[in-house]
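Student: Could you have a look at this structure, given as structure tokens, before my questions?
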Amino acid sequence: MRLATFNVNSVRQRAGHVRRFLERQQPDLLFLQETRCRAEEFPRLEFEALGYRAHAVGQPGGRNGVAVLARVPFAVVAEALPGDAADGQARYLEIVAEGGLRAACLYLPNGNSGGEEGLAYKLRWMDRLLDLAEARLDAFMPFALLGDFNVCPTEEDLAPGALAPTDALVHPEARARFRALLFFGLTDALRALHPHDRLYTYWDYGPAFEENRGLRIDHILLGPDLAERLSGCGVDVAPRAEPQPSDHAPVWCTLR
DNA sequence: ATGGCAGGGTGGCCCTGA
């Protein structure tokens, strides 16, 4: 089984990139972030033609937005992070796939805009994510978190000097919460198989990609039973090298 | 150490992203 996550920075602009990724990598489940359209505007037909069923969560105003594309049967179990006081932000989608795999797609708040309150919102969102991860792991079900976490977990996860030390993506409190997810028993799939490789999932528009000045902020975290089945994981940089790309590249993993 | 990009919505610029 293959899982993948891709921040597309507008799915309507990037439908071709997604289609080519599906054809090349053949994931069973692909989670999208920053779809930036309402659910009814999601270009589902483009993907249904390839055998993928879509479910999108959107919001008015062209911001945020998450979705799943699946070629295995699935049920949607949540369209908001539990504890979310109905703030209307489309950042979370949780499904149960055929066979019992429970997987959540998340688009964590960036935390750099909106001043102190913007950062506080990010940290509160991570607190709720910690509560959720704890509950799911306590329930002993095959569980995975995939998405744009907007956190560089360690100094190995960004090009030197790529961010100011005060940036919300490297904020000590955000990093501490990411580590707490790992302490609960989730495995960072990419680092489990590639502990010290220079691996990034985001490069700013401009010369950053060809200079490989990037960030690793898109992650796949696996519960214990899924981590035991992990046989491969990587960043697919091909979509980032295509014309008119997203600023992110997809991350995928394969489970035995 | 930022917006010099890029996308979207609104209205003929502003906000957000990271």
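Labels used: A, B, ... for chains in the order of the structure tokens, numbers from 1 for residues in each chain, and numbers from 1 for ligands as shown.
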At a cut-off of 9 Å, list the chain A residues touching chain B, using only C-alpha atoms (C1' of nucleotides), as a list of chain:residue names.

Tutor: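 That gives the following set of residues: A:Asn9, A:Ser10, A:Gln13, A:Arg36, A:Gly61, A:Gly62, A:Arg63, A:Asn110, A:Asn112, A:Ser113, A:Asn150, A:Gly161, A:Ala162, A:Leu163, A:Ala164, A:Pro165, A:Asp167, A:Ala168, A:Leu169, A:Tyr202, A:Asp204, A:Tyr205, A:Gly206, A:Leu215, A:Asp247.
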
Student: Taking the DSSP secondary structure from the backbone, can you list the residues of stretch 87-220 of chain A that are helix (DSSP H, G or I), as JSON, numbers by chain?

Tutor: {"A": [115, 116, 117, 118, 119, 120, 121, 122, 123, 124, 125, 126, 127, 128, 129, 130, 131, 132, 133, 134, 135, 136, 137, 138, 155, 156, 157, 168, 169, 170, 172, 173, 174, 175, 176, 177, 178, 179, 180, 181, 182, 183, 189, 190, 191, 192, 193]}

Student: Figure out the distance between atom CA of A:Thr187 and atom CA of A:Phe74, please, to one decimal in Å.

Tutor: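 Separating atom CA of A:Phe74 from atom CA of A:Thr187 is a distance of 23.3 Å.
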
Student: Can you tell me which residues surround stretch 39-56 of chain A at a distance of at most 6 Å, considering only C-alpha atoms (C1' of nucleotides), apart from same-chain residues fewer than 4 positions away, and format the answer as a list of chain:residue names?

Tutor: A:Ala67, A:Val68, A:Leu69, A:Ala70, A:Arg71

Student: Those residues with N, CA and C atoms, as a tab-separated table (two decimals), in the first residue's frame please?

Tutor:
chain	number	residue	atom	x	y	z
A	67	ALA	N	-7.98	17.70	0.83
A	67	ALA	CA	-8.75	16.71	0.08
A	67	ALA	C	-8.03	15.37	0.11
A	68	VAL	N	-8.78	14.32	-0.19
A	68	VAL	CA	-8.18	12.99	-0.36
A	68	VAL	C	-8.57	12.46	-1.74
A	69	LEU	N	-7.63	11.79	-2.38
A	69	LEU	CA	-7.88	11.03	-3.61
A	69	LEU	C	-7.55	9.58	-3.29
A	70	ALA	N	-8.48	8.67	-3.55
A	70	ALA	CA	-8.26	7.28	-3.15
A	70	ALA	C	-8.72	6.33	-4.24
A	71	ARG	N	-7.93	5.30	-4.45
A	71	ARG	CA	-8.36	4.24	-5.37
A	71	ARG	C	-8.77	2.99	-4.60
